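Reading through the structure tokens given below for one structure.
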Amino acid sequence: MTAEKTIPIINGKVVNERGQWNNKIEFMLSVAGEIIGLGNVWRFPYLCYKNGGGAFFVPYVIFFICCGIPVFFLETALGQFTSEGGITCWRKVCPLFEGIGYATQVIEAHLNVYYVVILAWAIFYLLNCFTTELPWASCGHYWNTENCVDFNNESIANFTNPYATSPVMEFWERRVLSISSGIEEVGSLRWELAICLAIAWVICYFCIWKGPKSTGKVVYVTATFPYFMLLILLLRGITLPGAANGIKFYLYPDISRLSDPQVWVDAGTQIFFSYAICLGCLTALGSYNSYNNNCYRDCIILCCLNSGTSFVAGFAIFSVLGFMAYEQNVPIEAVAESGPGLAFIAYPKAVTMMPWSPLWACLFFMMLIFLGLDSQFVCVESLVTAIVDMYPKTFRVGYRRELLILGMSVASFFVGLIMLTEGGMYVFQLFDSYAASGMCLLFVAIFESICIGWIYGSDRFYSNIEDMIGYKPIFFIKWCWKYFTPGICGIFLFFLIKYKPLKYNNVYTYPDWGYGIGWMMAMSSMVSVLHCVSITNFALISTNNLNTSKASKKIRLVCRAIYLKFIFFTPLESVCHILKTRRNK
């Protein structure tokens with residue numbers, strides 16, 4: 001491990017320690033807070049119902065075993081073994097694939113900009129919950145139009161306006177977003193949301209400004225509180241009329257859906273999204289572990305906890321949607337939503353039909369904020385860790401690390417403001433669908449598996465793991481690194497072939513330049529891997545351009561031998577020596 005308790009004094013200043021978790025609980029809660037986020041609540045349940053209910057668990061479990069756990073364990077163990085962040089860890093084991101680290105941090109930088117916008121929306125909704133009547137429960141407000149209709153039992157049977165909209169939809173689109181007609185019309189900044197975004201960033205900054213020392217304490221609250229809220233909402237949901245129909249709709253298996261390739265694509269991408277793999281977060285969090293921490297056991301527990309949370313969240317969500325369909329006398333398909341549509345339209349609409357609706361709305365949005373908050377600040381912490389580990393002599397002196405976090409937070413805040421304009425929702429969708437898309441994550445996962453499974457060597461990495469935890473994990477994981485996980489390449493290619501242009505609400509089509517911006521964001525991470533490979537290969541080829549004299553040939557052969565050893569088989573004996581020295585202290 002390159003982290004040492006003290007680093008030589010530089011220019012008369014002592015370089016700060018890298019830091020470690022105080023105990024295993026801090027590590028477990030930090031990882032749980034990162035991987036258990038909004039996707040568990042608003043994406044997984046929707047994918048279940050959309051892709052055959054209980055039948056969806058078949059491809060989900062296959063990807064969970066063959067891809068989720070192996071890659072999750074690979075990244076965590078790599079961070080713990082090297083004690084390095086998301087970039088320098090790959091430099092240690094295989095400099096040829098250092099671009100993997102850059103790719104993960106590019107994706108993470110994109111996430112840091114747009115994910116926190118969801119927190120701003122949730123904070124805005126939460127602040128509007130402190131009233132006797134929820135503002136999206138009825139029409140008659142200044143943002144409502146003449147087409148606004150209260151969809152209660154009476155009005156559903158009587159209204160005839162084909163352009164009718166619900167008060168919750170108008171609150172979302174006209175009060176919160178003030179959405180424009182397209183991305184071409186950016187419009188003005190929504191200052192109320194900008195203030196909410198600033199609040200989110202201030203909270204995020206103080207959660208991580210002292211590294212593991214502050215993060216490890218904050219996660220005791222941020223990682224556990226959502227479970228209490230989820231349990232309360234679950235107990236409330238299953239007692240509502242119509243809840244049983246919603247749960248049946250959620251779980252009833254449609255085996256015929258397994259023949260649809262899109263079901264398998266959704267299962268694979270959900271695993272990569274929900275497990276925060278290929279983002280560098282797990283590597284950074286694992287790097288703060290002690291050398292002999294049993295990361296293998298931790299990963300199994302955390303993966304099962306993540307999937308279990310997604311499963312239970314489905315009961316909480318679909319019990320309420322079943323109640324909502326029962327009250328409106330409509331099919332559940334008519335009220336089921338995914339993503340922001342579930343969090344800011346369907347569920348808020350459902351709580352207006354309950355007694356004490358402001359209380360339940362308040363609990364729901366508090367849960368969303370805590371779910372998103374720890375995912376957000378762990379992502380920022382991971383990016384900071386990667387930069388600090390690249391330049392330790394620069395950023396571990398004095399308060400430079402804190403200033404780096406401040407600079408990143410301020411920069412991300414100002415970039416995020418574009419998503420809080422009247423046309424910001426269209427920009428948000430570009431980030432969500434391209435910058436951190438399944439394509440990018442699958443692409444990075446393929447190279448991670450190839451690097452460890454074939455270039456560095458799975459047997460060699462297993463020996464490193466055995467040195468850390470005292471035994472070798474089950475051999476199946478090694479097979480996954482070498483064969484099964486890279487096999488996702490087929491799904492990755494299918495995902496590209498079946499590409500469908502992004503649309504907002506399945507209606508608005510982006511202009512060509514909008515799609516161009518989206519693909520540029522997607523390629524910015526994928527190109528990072530290939531760019532580093534091409535640079536190192538160019539250096540190798542350059543050694544062939546020496547003069548052909550006997551002396552030059554000898555120099556060329558030596559250069560090639562040194563280069564190949566450095567690029568492909570960088571010896572970690574020196575790293576192991578540091579790690580063992582640190583372990584014995």
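Going through the structure tokens in order, the chains are called A, B, and so on, while each chain numbers its residues from 1 and the ligands are numbered from 1 in the order shown.
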If we count only C-alpha atoms, what is near segment 251-258 of chain A at a cut-off of 10 Å, once residues fewer than 2 positions away on the same chain are taken out, given as number ranges by chain?
-> A: 45, 48-59, 246-249, 260-264, 311, 314-315, 318
Would you save the residues of that selection, restricted to C-alpha atoms, as a PDB file, in the first residue's frame?
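Output file result.pdb follows:
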```
ATOM      1  CA  PRO A  45     -39.573  -2.034  -9.176  1.00  0.00           C
ATOM      2  CA  CYS A  48     -39.732  -5.786 -12.640  1.00  0.00           C
ATOM      3  CA  TYR A  49     -43.265  -5.005 -13.683  1.00  0.00           C
ATOM      4  CA  LYS A  50     -42.210  -3.917 -17.164  1.00  0.00           C
ATOM      5  CA  ASN A  51     -40.182  -7.063 -17.857  1.00  0.00           C
ATOM      6  CA  GLY A  52     -42.438  -9.851 -16.685  1.00  0.00           C
ATOM      7  CA  GLY A  53     -42.745  -9.394 -12.932  1.00  0.00           C
ATOM      8  CA  GLY A  54     -41.211 -12.337 -11.098  1.00  0.00           C
ATOM      9  CA  ALA A  55     -39.749 -13.632 -14.368  1.00  0.00           C
ATOM     10  CA  PHE A  56     -37.392 -10.650 -14.377  1.00  0.00           C
ATOM     11  CA  PHE A  57     -35.570 -12.181 -11.428  1.00  0.00           C
ATOM     12  CA  VAL A  58     -34.196 -14.931 -13.665  1.00  0.00           C
ATOM     13  CA  PRO A  59     -31.909 -12.693 -15.779  1.00  0.00           C
ATOM     14  CA  GLY A 246     -50.322  -3.691  -6.787  1.00  0.00           C
ATOM     15  CA  ILE A 247     -48.014  -6.267  -5.206  1.00  0.00           C
ATOM     16  CA  LYS A 248     -49.470  -9.007  -7.407  1.00  0.00           C
ATOM     17  CA  PHE A 249     -48.856  -6.828 -10.441  1.00  0.00           C
ATOM     18  CA  ASP A 260     -37.285 -10.617 -25.308  1.00  0.00           C
ATOM     19  CA  PRO A 261     -33.575  -9.605 -25.434  1.00  0.00           C
ATOM     20  CA  GLN A 262     -34.449  -6.185 -23.987  1.00  0.00           C
ATOM     21  CA  VAL A 263     -35.396  -7.864 -20.709  1.00  0.00           C
ATOM     22  CA  TRP A 264     -31.869  -9.239 -20.397  1.00  0.00           C
ATOM     23  CA  PHE A 311     -36.808  -6.186  -3.770  1.00  0.00           C
ATOM     24  CA  GLY A 314     -40.843  -2.828  -4.807  1.00  0.00           C
ATOM     25  CA  PHE A 315     -43.435  -3.809  -2.193  1.00  0.00           C
ATOM     26  CA  PHE A 318     -46.366  -0.997  -5.782  1.00  0.00           C
TER      27      PHE A 318
END
```
Excluding Ala343 of chain A and residues on its chain fewer than 5 positions from it, collect all residues at most 10 Å away from it, counting only C-alpha atoms, and give them as a count of residues only.
-> 14
Can you list, as a PyMOL selection string, every protein, DNA or RNA residue that comes within 7 Å of segment 134-144 of chain A when you count only C-alpha atoms, leaving out same-chain residues fewer than 6 positions away?
-> chain A and resi 150+167-168+170-171+174-175+352+358
Return the single residue from A:Thr283, A:Thr224, A:Thr104, A:Gln270 that is closest to Thr82 of chain A, with distances computed using only C-alpha atoms.
->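 Answer, going by the shortest atom-to-atom distance: A:Thr283.
Closest approach to Gly99 of chain A among A:Gly86, A:Gly187, A:Pro355, A:Gly37 is made by A:Gly86 (distances from only C-alpha atoms).
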Per residue of segment 32-151 of chain A within 9 Å of segment 199-214 of chain A, note the shortest atom pair and the distance in Å to one decimal, counting only C-alpha atoms, and order the rows by chain and increasing residue number, as a Markdown table.
```
| residue | atom | partner | partner_atom | distance |
| --- | --- | --- | --- | --- |
| A:Val116 | CA | A:Ala200 | CA | 7.0 |
| A:Val117 | CA | A:Ala200 | CA | 8.6 |
| A:Leu119 | CA | A:Ala200 | CA | 6.5 |
| A:Ala120 | CA | A:Ala200 | CA | 6.5 |
| A:Ile123 | CA | A:Ala200 | CA | 8.1 |
```
Put those residues in a file: C-alpha atoms, as a compact mmCIF listing (two decimals), in the first residue's frame.
```txt
# COMPACT_ATOMS: atom_id res chain seq x y z
CA VAL A 116 -27.26 16.30 -7.25
CA VAL A 117 -29.95 18.03 -9.32
CA LEU A 119 -31.55 16.27 -4.62
CA ALA A 120 -32.42 19.87 -5.44
CA ILE A 123 -35.46 19.44 -1.32
```
Could you give me, as number ranges by chain, each residue of segment 62-280 of chain A that DSSP assigns to alpha helix (DSSP H) when run on this structure's backbone?
-> A: 62-63, 69-82, 88-93, 99-127, 153-158, 167-170, 191-208, 212-222, 225-238, 243-251, 261-274
Provide the atom CA of Tyr163 of chain A to atom CA of Gly182 of chain A distance in Å, to one decimal place.
->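 It comes out at 19.5 Å.
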Interatomic distance between atom CA of Arg190 of chain A and atom CA of Val176 of chain A?
->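 Going from atom CA of Arg190 of chain A over to atom CA of Val176 of chain A, I get 8.2 Å.
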Suppose you want the space between atom CA of Val320 of chain A and atom CA of Met354 of chain A; what is it in Å?
-> 9.9 Å
Compile a residue-level contact table for segment 288-343 of chain A against segment 16-34 of chain A at a cut-off of 7 Å, reporting for every qualifying residue the shortest atom pair and its distance in Å to one decimal, with only C-alpha atoms counted, rows ordered by chain and ascending number, as JSON lines.
```
{"residue": "A:Tyr288", "atom": "CA", "partner": "A:Gln20", "partner_atom": "CA", "distance": 4.5}
{"residue": "A:Asn289", "atom": "CA", "partner": "A:Gln20", "partner_atom": "CA", "distance": 6.1}
{"residue": "A:Leu302", "atom": "CA", "partner": "A:Ala32", "partner_atom": "CA", "distance": 6.5}
```
